[in-house]
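So this block is coords.txt, compact mmCIF, C-alpha atoms:
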# COMPACT_ATOMS: atom_id res chain seq x y z
CA MET A 285 0.00 0.00 0.00
CA ILE A 286 1.24 3.44 -0.92
CA GLU A 287 0.99 6.01 1.83
CA GLU A 288 -0.19 9.37 0.65
CA GLU A 289 1.91 12.36 1.63
CA PRO A 290 0.14 15.54 2.53
CA PRO A 291 0.88 18.11 -0.18
CA VAL A 292 3.32 20.83 0.63
CA ARG A 293 1.22 23.93 1.01
CA ARG A 294 3.92 26.58 1.16
CA LEU A 295 6.25 27.31 -1.70
CA THR A 296 9.82 28.37 -1.09
CA ALA A 297 10.82 31.94 -1.86
CA ARG A 298 12.88 30.76 -4.84
CA MET A 299 9.91 28.80 -6.24
CA ARG A 300 7.56 31.77 -5.83
CA LEU A 301 10.07 34.03 -7.57
CA LEU A 302 10.49 31.54 -10.41
CA LEU A 303 6.73 31.19 -10.84
CA ALA A 304 6.14 34.94 -10.84
CA GLY A 305 8.94 35.50 -13.34
CA ALA A 306 7.62 32.77 -15.65
CA PHE A 307 4.11 34.22 -15.71
CA ALA A 308 5.45 37.76 -16.23
CA LEU A 309 7.53 36.55 -19.18
CA LEU A 310 4.56 34.70 -20.63
CA LEU A 311 2.30 37.76 -20.43
CA ALA A 312 4.98 39.94 -22.00
CA LEU A 313 5.46 37.55 -24.89
CA LEU A 314 1.76 37.09 -25.56
CA SER A 315 1.03 40.82 -25.46
CA SER A 316 3.92 41.73 -27.74
CA SER A 317 3.51 41.50 -31.50
CA GLU A 318 7.26 41.84 -32.01
CA ASN A 319 8.00 38.24 -31.07
CA PRO A 320 6.38 36.12 -33.80
CA SER A 321 9.27 33.67 -33.72
CA LEU A 322 8.22 32.38 -30.29
CA PRO A 323 5.21 30.18 -31.06
CA LEU A 324 2.48 29.73 -28.49
CA PRO A 325 2.78 25.90 -28.35
CA PHE A 326 6.25 26.16 -26.82
CA LEU A 327 4.89 28.46 -24.12
CA LEU A 328 1.95 26.15 -23.56
CA VAL A 329 4.24 23.18 -23.04
CA GLY A 330 6.35 25.18 -20.61
CA LEU A 331 3.30 26.20 -18.60
CA ILE A 332 2.00 22.64 -18.45
CA LEU A 333 5.34 21.29 -17.28
CA LEU A 334 5.54 24.05 -14.68
CA ALA A 335 2.05 23.14 -13.49
CA LEU A 336 3.07 19.49 -13.20
CA LEU A 337 6.08 20.52 -11.14
CA LEU A 338 4.01 22.62 -8.75
CA ILE A 339 0.81 20.57 -8.50
CA PHE A 340 1.86 16.91 -8.65
CA ARG A 341 4.53 16.76 -5.95
CA THR A 342 3.28 13.99 -3.69
CA ARG A 343 4.70 10.48 -3.37
CA LEU A 344 1.67 9.04 -5.15
CA ASP A 345 2.14 11.38 -8.11
CA ARG A 346 5.83 10.56 -8.37
CA TYR A 347 5.04 6.86 -8.22
CA ILE A 348 2.40 6.99 -10.98
CA LEU A 349 4.33 9.39 -13.22
CA GLY A 350 7.55 7.41 -12.79
CA ARG A 351 5.92 4.17 -13.88
CA PHE A 352 3.95 5.84 -16.70
CA GLY A 353 7.01 7.71 -17.98
CA SER A 354 9.29 4.67 -18.00
CA ILE A 355 6.71 2.51 -19.81
CA LEU A 356 5.96 5.32 -22.27
CA ALA A 357 9.65 5.70 -23.10
CA GLY A 358 10.01 1.95 -23.58
CA CYS A 359 6.96 1.77 -25.85
CA ALA A 360 8.11 4.76 -27.91
CA VAL A 361 11.59 3.28 -28.40
CA THR A 362 10.11 -0.11 -29.33
CA PHE A 363 7.65 1.28 -31.90
CA LEU A 364 10.28 3.67 -33.27
CA THR A 365 12.67 0.75 -33.77
CA LEU A 366 10.00 -1.29 -35.55
CA PHE A 367 9.23 1.58 -37.91
CA ALA A 368 12.95 2.16 -38.55
CA VAL A 369 13.53 -1.53 -39.33
CA TYR A 370 10.56 -1.54 -41.71
CA GLU A 371 11.85 1.54 -43.54
CA PHE A 372 15.36 0.06 -43.68
CA ILE A 373 14.10 -3.23 -45.17
CA ASN A 374 12.24 -1.31 -47.88
CA LEU A 375 15.41 0.58 -48.87
CA ILE A 376 18.15 -2.02 -48.38
CA ASP A 377 17.83 -3.48 -51.91
CA ASP A 378 18.13 -0.08 -53.59
CA LEU A 379 21.05 0.77 -51.33
CA ALA A 380 22.94 -2.40 -52.28
CA GLU A 381 22.06 -2.16 -55.98
CA ARG A 382 23.53 1.33 -56.34
CA ASN A 383 26.39 0.74 -53.88
CA LEU A 384 25.35 3.72 -51.78
CA PRO A 385 26.80 4.38 -48.30
CA PHE A 386 24.92 3.08 -45.28
CA THR A 387 25.00 6.55 -43.75
CA LEU A 388 22.47 7.66 -46.38
CA VAL A 389 19.82 5.44 -44.79
CA LEU A 390 20.72 6.69 -41.34
CA ASN A 391 20.32 10.26 -42.59
CA TYR A 392 16.94 9.33 -44.10
CA LEU A 393 15.77 7.78 -40.82
CA LYS A 394 16.91 10.88 -38.94
CA TYR A 395 14.60 13.08 -41.00
CA ARG A 396 11.87 10.44 -40.94
CA THR A 397 11.79 10.39 -37.12
CA PRO A 398 9.40 13.37 -36.60
CA TRP A 399 6.79 11.69 -38.84
CA ILE A 400 7.27 8.36 -37.05
CA LEU A 401 6.79 10.06 -33.67
CA THR A 402 3.47 11.47 -34.86
CA GLN A 403 2.33 7.94 -35.74
CA ILE A 404 3.50 6.13 -32.59
CA LEU A 405 2.63 8.59 -29.82
CA PRO A 406 -1.11 7.68 -29.53
CA MET A 407 -0.39 3.96 -29.32
CA SER A 408 2.53 4.49 -26.92
CA CYS A 409 0.46 6.68 -24.58
CA LEU A 410 -2.43 4.21 -24.55
CA VAL A 411 -0.24 1.17 -23.88
CA ALA A 412 1.64 3.06 -21.14
CA THR A 413 -1.68 3.99 -19.52
CA PHE A 414 -2.92 0.39 -19.57
CA LEU A 415 0.31 -0.97 -18.13
CA ALA A 416 0.84 1.76 -15.51
CA ILE A 417 -2.70 1.94 -14.07
CA GLY A 418 -3.69 -1.59 -15.09
CA ILE A 419 -0.86 -3.14 -13.10
CA MET A 420 -1.84 -1.04 -10.09
CA SER A 421 -5.38 -2.34 -10.45
CA ARG A 422 -4.22 -5.94 -10.80
CA PHE A 423 -2.14 -5.85 -7.61
CA ASN A 424 -4.92 -4.15 -5.60
CA GLU A 425 -3.04 -0.85 -5.31
CA VAL A 426 -6.05 0.99 -6.72
CA THR A 427 -8.31 -0.74 -4.18
CA ALA A 428 -6.01 0.34 -1.35
CA LEU A 429 -5.94 3.93 -2.58
CA LYS A 430 -9.73 4.01 -2.89
CA ALA A 431 -10.03 2.64 0.64
CA SER A 432 -7.84 5.49 1.89
CA GLY A 433 -10.15 8.07 0.30
CA THR A 434 -8.32 8.68 -2.99
CA SER A 435 -10.67 8.67 -5.97
CA ILE A 436 -9.87 7.21 -9.36
CA TYR A 437 -9.99 10.73 -10.79
CA ARG A 438 -7.10 11.74 -8.58
CA ILE A 439 -5.18 8.62 -9.61
CA ALA A 440 -5.70 9.35 -13.29
CA ALA A 441 -5.04 13.11 -13.06
CA PRO A 442 -1.20 12.95 -13.37
CA VAL A 443 -1.42 10.72 -16.46
CA VAL A 444 -3.97 13.00 -18.12
CA MET A 445 -1.93 16.13 -17.43
CA VAL A 446 1.27 14.58 -18.77
CA THR A 447 -0.61 13.51 -21.90
CA VAL A 448 -1.83 17.09 -22.37
CA ALA A 449 1.82 18.19 -22.37
CA ILE A 450 2.66 15.36 -24.80
CA SER A 451 -0.16 16.51 -27.10
CA ALA A 452 1.21 20.04 -27.07
CA LEU A 453 4.66 18.68 -27.90
CA ALA A 454 3.09 16.60 -30.68
CA TYR A 455 1.64 19.77 -32.18
CA VAL A 456 5.02 21.49 -32.02
CA ASN A 457 6.63 18.46 -33.67
CA GLN A 458 3.96 18.28 -36.39
CA ASP A 459 3.81 21.98 -37.22
CA TYR A 460 7.43 23.07 -36.77
CA LEU A 461 9.66 20.02 -37.28
CA GLU A 462 7.80 17.50 -39.43
CA PRO A 463 7.17 19.59 -42.60
CA TYR A 464 10.84 20.34 -43.28
CA ALA A 465 11.91 16.86 -42.17
CA ASN A 466 9.44 15.26 -44.60
CA GLN A 467 10.88 17.30 -47.46
CA ARG A 468 14.45 16.26 -46.66
CA ALA A 469 13.43 12.62 -46.19
CA ALA A 470 11.70 12.62 -49.60
CA GLN A 471 14.80 14.07 -51.26
CA ILE A 472 17.10 11.47 -49.68
CA LYS A 473 14.69 8.68 -50.63
CA ASP A 474 14.76 9.91 -54.24
CA VAL A 475 18.56 9.56 -54.22
CA ILE A 476 18.33 6.03 -52.80
CA ARG A 477 15.71 5.05 -55.39
CA GLY A 478 17.89 6.39 -58.21
CA ARG A 479 15.68 9.35 -59.03
CA SER A 480 16.58 12.99 -59.30
CA PRO A 481 15.89 14.64 -55.92
CA ARG A 482 12.75 16.72 -56.07
CA SER A 483 13.08 20.43 -55.40
CA TYR A 484 10.86 22.43 -53.07
CA GLY A 485 12.17 25.73 -54.35
CA ALA A 486 11.19 27.98 -57.18
CA GLY A 487 12.04 25.75 -60.12
CA GLU A 488 9.74 22.85 -59.26
CA ARG A 489 6.33 24.30 -59.94
CA ARG A 490 6.53 24.36 -63.75
CA TRP A 491 2.89 23.76 -64.77
CA VAL A 492 0.50 26.25 -63.22
CA PHE A 493 -3.17 27.02 -63.86
CA GLY A 494 -4.02 30.71 -63.82
CA GLU A 495 -7.08 32.87 -64.27
CA GLY A 496 -9.23 33.12 -67.39
CA GLY A 497 -8.55 29.58 -68.59
CA ARG A 498 -4.79 30.09 -68.82
CA LEU A 499 -2.16 27.43 -68.31
CA TYR A 500 1.48 28.36 -67.84
CA ASN A 501 4.65 26.36 -68.21
CA PHE A 502 8.34 27.20 -67.91
CA ARG A 503 11.46 25.12 -68.24
CA ASN A 504 13.56 26.82 -65.59
CA TYR A 505 13.75 29.88 -63.36
CA VAL A 506 17.01 31.75 -62.84
CA ALA A 507 16.96 34.04 -59.82
CA SER A 508 18.39 37.53 -59.86
CA PRO A 509 22.19 37.61 -59.64
CA VAL A 510 21.89 40.04 -56.71
CA PRO A 511 19.57 38.09 -54.36
CA VAL A 512 20.03 40.49 -51.45
CA LEU A 513 18.59 43.48 -53.29
CA ALA A 514 16.30 41.62 -55.67
CA VAL A 515 12.51 41.61 -55.46
CA PRO A 516 11.04 38.05 -55.32
CA GLY A 517 10.32 36.92 -58.88
CA SER A 518 12.65 39.45 -60.50
CA GLY A 519 14.72 36.75 -62.15
CA GLU A 520 14.33 35.20 -65.59
CA PHE A 521 11.91 32.47 -66.67
CA GLN A 522 13.41 30.28 -69.40
CA GLY A 523 11.29 28.42 -71.94
CA PHE A 524 8.14 30.30 -70.89
CA SER A 525 4.78 29.28 -72.45
CA ALA A 526 1.26 30.61 -71.86
CA TYR A 527 -1.77 28.66 -73.14
CA ARG A 528 -5.27 30.09 -73.39
CA LEU A 529 -7.83 27.28 -73.20
CA ASP A 530 -11.50 27.12 -74.16
CA PRO A 531 -13.34 26.78 -70.81
CA ALA A 532 -15.94 24.45 -72.34
CA SER A 533 -13.81 22.08 -74.42
CA PHE A 534 -10.33 22.79 -73.01
CA GLU A 535 -9.05 23.19 -76.56
CA ILE A 536 -6.04 25.45 -77.05
CA ARG A 537 -7.11 28.82 -78.47
CA GLU A 538 -3.75 30.56 -78.17
CA ARG A 539 -0.19 29.75 -77.26
CA VAL A 540 2.53 32.25 -76.50
CA TYR A 541 6.11 31.01 -76.30
CA ALA A 542 9.26 32.93 -75.38
CA ARG A 543 12.84 31.87 -74.94
CA SER A 544 12.97 34.08 -71.82
CA ALA A 545 10.49 36.14 -69.83
CA THR A 546 10.95 38.76 -67.13
CA PHE A 547 8.58 40.86 -65.06
CA THR A 548 9.49 44.55 -64.85
CA ARG A 549 7.51 47.66 -63.96
CA GLY A 550 4.22 45.84 -63.62
CA HIS A 551 4.16 43.94 -66.93
CA TRP A 552 5.71 40.91 -68.56
CA SER A 553 8.43 41.29 -71.16
CA LEU A 554 8.87 38.26 -73.43
CA ARG A 555 11.88 37.91 -75.74
CA ASP A 556 12.70 35.79 -78.76
CA GLY A 557 9.34 34.09 -79.10
CA TRP A 558 6.17 33.63 -81.11
CA THR A 559 2.38 33.69 -80.78
CA ARG A 560 0.04 31.15 -82.40
CA THR A 561 -3.74 31.65 -82.34
CA PHE A 562 -6.43 29.09 -83.18
CA GLU A 563 -9.91 30.45 -83.91
CA GLY A 564 -12.15 27.84 -85.50
CA SER A 565 -10.51 26.68 -88.70
CA GLU A 566 -8.27 29.75 -88.90
CA GLU A 567 -4.75 29.86 -87.55
CA SER A 568 -2.34 32.77 -87.24
CA PHE A 569 1.35 32.81 -86.39
CA GLU A 570 3.53 35.75 -85.37
CA THR A 571 7.11 35.99 -84.18
CA PHE A 572 8.64 38.74 -82.08
CA ALA A 573 12.03 39.75 -80.77
CA GLU A 574 10.64 41.41 -77.63
CA LYS A 575 7.03 42.13 -76.74
CA PRO A 576 5.16 43.20 -73.57
CA PHE A 577 2.23 41.11 -72.30
CA GLU A 578 -0.34 41.80 -69.60
CA PHE A 579 -0.90 38.46 -67.89
CA PRO A 580 -2.96 38.76 -64.68
CA GLU A 581 -0.49 36.61 -62.71
CA GLY A 582 2.76 38.01 -61.40
CA PRO A 583 6.06 36.12 -61.12
CA GLY A 584 5.50 35.27 -57.46
CA TYR A 585 2.54 33.17 -58.56
CA PHE A 586 4.86 30.76 -60.43
CA ILE A 587 7.77 30.43 -58.05
CA LYS A 588 5.84 29.38 -54.96
CA GLU A 589 6.95 26.15 -53.37
CA TRP A 590 4.86 23.11 -54.24
CA LYS A 591 4.49 20.78 -51.29
CA THR A 592 2.15 18.08 -50.08
CA PRO A 593 0.00 18.82 -46.99
CA ALA A 594 2.38 16.71 -44.88
CA GLN A 595 5.24 18.97 -45.98
CA MET A 596 3.48 22.19 -44.97
CA ASN A 597 2.71 23.59 -41.55
CA PHE A 598 -0.73 24.88 -40.61
CA ALA A 599 -0.13 28.46 -41.80
CA GLU A 600 1.33 27.38 -45.15
CA LEU A 601 -1.47 24.92 -45.84
CA LYS A 602 -4.12 27.47 -44.89
CA HIS A 603 -2.60 30.05 -47.24
CA PHE A 604 -2.44 27.43 -50.00
CA VAL A 605 -6.09 26.40 -49.50
CA VAL A 606 -7.29 30.02 -49.49
CA GLY A 607 -5.38 30.69 -52.71
CA LEU A 608 -6.88 27.67 -54.49
CA LYS A 609 -10.37 28.48 -53.27
CA ARG A 610 -10.06 32.05 -54.52
CA ARG A 611 -9.27 30.72 -58.00
CA GLY A 612 -12.34 28.47 -57.96
CA TYR A 613 -10.79 25.05 -57.29
CA ASP A 614 -12.33 22.34 -55.12
CA VAL A 615 -10.48 22.42 -51.78
CA GLN A 616 -12.71 20.07 -49.77
CA GLU A 617 -10.07 17.40 -49.28
CA LEU A 618 -7.31 19.90 -48.55
CA THR A 619 -9.53 21.63 -45.98
CA VAL A 620 -9.95 18.30 -44.19
CA ASP A 621 -6.14 17.95 -44.20
CA LEU A 622 -5.93 21.46 -42.73
CA TYR A 623 -8.19 20.61 -39.79
CA ASP A 624 -6.38 17.29 -39.36
CA LYS A 625 -3.30 19.29 -38.39
CA THR A 626 -5.16 20.53 -35.30
CA ALA A 627 -6.92 17.23 -34.55
CA LEU A 628 -4.06 14.74 -34.88
CA PRO A 629 -1.93 16.03 -31.96
CA ILE A 630 -4.92 15.51 -29.63
CA VAL A 631 -5.28 11.83 -30.55
CA SER A 632 -2.88 10.81 -27.76
CA LEU A 633 -5.05 12.57 -25.16
CA THR A 634 -8.19 11.03 -26.68
CA MET A 635 -6.71 7.54 -26.45
CA VAL A 636 -5.69 8.01 -22.81
CA ILE A 637 -9.13 9.34 -21.82
CA LEU A 638 -10.74 6.38 -23.56
CA GLY A 639 -8.36 3.85 -22.04
CA ILE A 640 -8.48 4.96 -18.39
CA PRO A 641 -11.95 3.44 -17.64
CA PHE A 642 -10.78 0.08 -19.03
CA CYS A 643 -7.71 0.21 -16.77
CA PHE A 644 -9.84 0.35 -13.63
CA ARG A 645 -11.97 -2.54 -14.91
CA MET A 646 -9.12 -4.91 -15.75
CA GLY A 647 -9.21 -6.60 -12.37
CA LYS A 648 -6.83 -9.56 -12.17
CA ARG A 649 -6.30 -9.82 -15.90
CA GLY A 650 -2.72 -9.70 -17.14
CA SER A 651 -0.74 -7.10 -19.03
CA LEU A 652 -1.29 -8.84 -22.37
CA TYR A 653 -5.01 -8.29 -21.94
CA GLY A 654 -4.41 -4.56 -21.57
CA VAL A 655 -2.12 -4.45 -24.60
CA GLY A 656 -4.75 -6.34 -26.63
CA ILE A 657 -7.45 -3.87 -25.62
CA ALA A 658 -5.13 -0.97 -26.50
CA VAL A 659 -4.43 -2.37 -29.97
CA SER A 660 -8.16 -2.94 -30.53
CA LEU A 661 -9.08 0.61 -29.49
CA VAL A 662 -6.40 2.15 -31.72
CA THR A 663 -7.54 0.00 -34.66
CA VAL A 664 -11.17 1.06 -34.23
CA PHE A 665 -10.12 4.70 -33.90
CA LEU A 666 -8.05 4.55 -37.09
CA LEU A 667 -10.97 2.99 -38.98
CA VAL A 668 -13.34 5.72 -37.80
CA PHE A 669 -10.77 8.43 -38.49
CA SER A 670 -10.16 7.16 -42.03
CA THR A 671 -13.91 6.88 -42.67
CA THR A 672 -14.75 10.40 -41.50
CA ASN A 673 -11.81 11.83 -43.47
CA ALA A 674 -12.99 10.05 -46.62
CA LEU A 675 -16.54 11.30 -46.10
CA GLY A 676 -15.22 14.82 -45.57
CA GLY A 677 -13.08 14.60 -48.70
CA ILE A 678 -16.10 13.84 -50.90
CA GLY A 679 -18.25 16.49 -49.25
CA LEU A 680 -20.60 14.30 -47.19
CA LEU A 681 -19.28 15.78 -43.94
CA PRO A 682 -18.12 19.32 -43.14
CA PRO A 683 -14.28 19.42 -43.08
CA PHE A 684 -14.05 20.43 -39.41
CA LEU A 685 -16.43 17.66 -38.35
CA ALA A 686 -14.63 15.12 -40.52
CA ALA A 687 -11.33 15.87 -38.75
CA TRP A 688 -12.59 16.31 -35.19
CA ALA A 689 -15.51 13.86 -34.98
CA PRO A 690 -13.33 10.84 -33.98
CA ASN A 691 -11.70 12.80 -31.12
CA VAL A 692 -15.04 14.07 -29.85
CA LEU A 693 -16.71 10.64 -30.17
CA PHE A 694 -13.98 8.59 -28.49
CA ALA A 695 -13.10 11.14 -25.80
CA GLY A 696 -16.79 11.54 -24.98
CA SER A 697 -17.16 7.76 -24.72
CA GLY A 698 -14.16 7.64 -22.39
CA VAL A 699 -15.57 10.36 -20.13
CA TYR A 700 -18.93 8.57 -20.03
CA LEU A 701 -17.35 5.23 -19.10
CA LEU A 702 -15.17 6.92 -16.47
CA LEU A 703 -18.22 8.56 -14.87
CA ARG A 704 -19.91 5.14 -14.78
CA THR A 705 -16.90 3.60 -13.00
CA GLY A 706 -17.02 3.31 -9.23
CA THR A 707 -14.75 5.87 -7.59
Whole structure given in structure tokens:
Amino acid sequence: MIEEEPPVRRLTARMRLLLAGAFALLLALLSSSENPSLPLPFLLVGLILLALLLIFRTRLDRYILGRFGSILAGCAVTFLTLFAVYEFINLIDDLAERNLPFTLVLNYLKYRTPWILTQILPMSCLVATFLAIGIMSRFNEVTALKASGTSIYRIAAPVVMVTVAISALAYVNQDYLEPYANQRAAQIKDVIRGRSPRSYGAGERRWVFGEGGRLYNFRNYVASPVPVLAVPGSGEFQGFSAYRLDPASFEIRERVYARSATFTRGHWSLRDGWTRTFEGSEESFETFAEKPFEFPEGPGYFIKEWKTPAQMNFAELKHFVVGLKRRGYDVQELTVDLYDKTALPIVSLTMVILGIPFCFRMGKRGSLYGVGIAVSLVTVFLLVFSTTNALGGIGLLPPFLAAWAPNVLFAGSGVYLLLRTGT
């Protein structure tokens, strides 16, 4: 039986000074608009960890958090190793075929780690909850604590609070580390597969739809030779083509080609090119040495980075979705991906809230029973999550509901089951 220590009511002068300074710094940062480089999630994580330090200081809290933390670390390392071995097996043949150094795979796995952490955290948190609290329930430690007047809510509180901090860290990892890491991992994987590494800079986006049924293409973009003083897009587009399509039939009505194109003083200047127009059965052709054109799109429209949603943070993806929507494209699926970026970091907390009632009902069952229940719950959650995302992508569910419905449904079920559990 674990004897409960009375909480320390008085804080030392150093602790009070530290707490006051932390809150003063937080208020100063939040009220200042001159510190955009300090994102709120980092401050949120710091506050949560500070709250854990100040609130959960009893022997019971240290006992529960110690067991939960050690099991969580073990689960995370185990799942991370399994993912790494799977990725390594998929790449080992290409590595040997091209006689590439082994360090290339290690570099790939390094950049792949943030994505792997996003995948394994929910399962790790749920298994750690089952093993930490479930073992206490199996060996009658929960019964002893309840007999001494400690409710199951108080037993579960440290685990829930730590998972809140983990969810905040998961958001930081997903929004600030994972996008860039996914880009670098994709480039390294291209090298291992024998493909040319894709670029996420200006030269990659070479086919672009514009306004008024126009389609643009360019072979390459050469930035200004003075990048410090240059305006974005002030370089030269090589092999530039502009197609005007019929909105009804998508037939080409006009094509403008230029060996080089630049944007100066608010208009396009095309050099060494020609214009071909198709109007019914008539066709006209004209060459030019240099000619100005008034395309509605500026150069910045063509040199934007082209990334997948997993390679963009929340702000980038939101800007991308707004831009596509303004031009009349269907952004239903991308909007679901946008809301997924806020819903996915909370999955760990949802899994823990759902798993806690089962922990107190395990009784004398073994640890394998708890792991089996954890795997089953995660599997069901993933099925529901995939289903709601698919329904949201085809427009049968609003995007926000498609992303957040699984969290709300499973967390609500966990709260209901916990309220129905004897305290």
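For the pair CA of Thr672 in chain A and CA of Leu618 in chain A, the separation is 14.0 Å.
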Report summary line: One decimal place gives the CA of Leu628 in chain A-CA of Val699 in chain A separation as 19.2 Å
Requested in this report: Pick out the residues sitting within 12 Å of Ala689 in chain A, and hand them over as a VMD selection string; count all atoms listed in the file, and ignore anything fewer than 2 positions along from it in its own chain.
Outcome: chain A and resid 620 623 to 624 627 to 628 630 to 631 634 665 668 to 673 675 to 676 681 to 687 691 to 696
Report task. Please provide as a ChimeraX atom specification all residues within 9 Å of range 366-371 of chain A, with the sequence filter that same-chain residues fewer than 2 positions apart are discarded (counting only C-alpha atoms). Result -> /A:361-364,373-376,389,393,396-397,400
Can you write out the residues you just picked, keeping C-alpha atoms, as an mmCIF file, in the coordinates of the input?
data_model
loop_
_atom_site.group_PDB
_atom_site.id
_atom_site.type_symbol
_atom_site.label_atom_id
_atom_site.label_comp_id
_atom_site.auth_asym_id
_atom_site.auth_seq_id
_atom_site.Cartn_x
_atom_site.Cartn_y
_atom_site.Cartn_z
ATOM 1 C CA VAL A 361 11.590 3.280 -28.400
ATOM 2 C CA THR A 362 10.110 -0.110 -29.330
ATOM 3 C CA PHE A 363 7.650 1.280 -31.900
ATOM 4 C CA LEU A 364 10.280 3.670 -33.270
ATOM 5 C CA ILE A 373 14.100 -3.230 -45.170
ATOM 6 C CA ASN A 374 12.240 -1.310 -47.880
ATOM 7 C CA LEU A 375 15.410 0.580 -48.870
ATOM 8 C CA ILE A 376 18.150 -2.020 -48.380
ATOM 9 C CA VAL A 389 19.820 5.440 -44.790
ATOM 10 C CA LEU A 393 15.770 7.780 -40.820
ATOM 11 C CA ARG A 396 11.870 10.440 -40.940
ATOM 12 C CA THR A 397 11.790 10.390 -37.120
ATOM 13 C CA ILE A 400 7.270 8.360 -37.050
#
Query raised in the report: Contacts of range 539-548 of chain A at 6 Å or less, counting only C-alpha atoms, minus same-chain residues fewer than 5 places along, as number ranges by chain?
Result: A: 520-527, 553-560
Query raised in the report: What does the distance between CA of Ser568 in chain A and CA of Pro531 in chain A come to in Å, to one decimal place?
Result: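 CA of Ser568 in chain A sits 20.7 Å away from CA of Pro531 in chain A.
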Query raised in the report: Skipping near chain neighbours, those fewer than 4 positions away, what residues fall within 12 Å of Ser660 in chain A using all atoms listed in the file, listed as a list in words?
Result: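 Skipping anything fewer than 4 positions along the chain leaves Met407, Leu410, Val411, Met635, Leu638, Gly639, Tyr653, Gly654, Val655, Gly656, Val664, Phe665, Leu666 and Leu667 of chain A.
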**Report entry** 12 Å contact set for Val475 in chain A, only C-alpha atoms, chain neighbours under 5 positions out, as number ranges by chain
**Finding:** A: 375, 378-379, 382-385, 388-389, 391-392, 468-470, 480-482
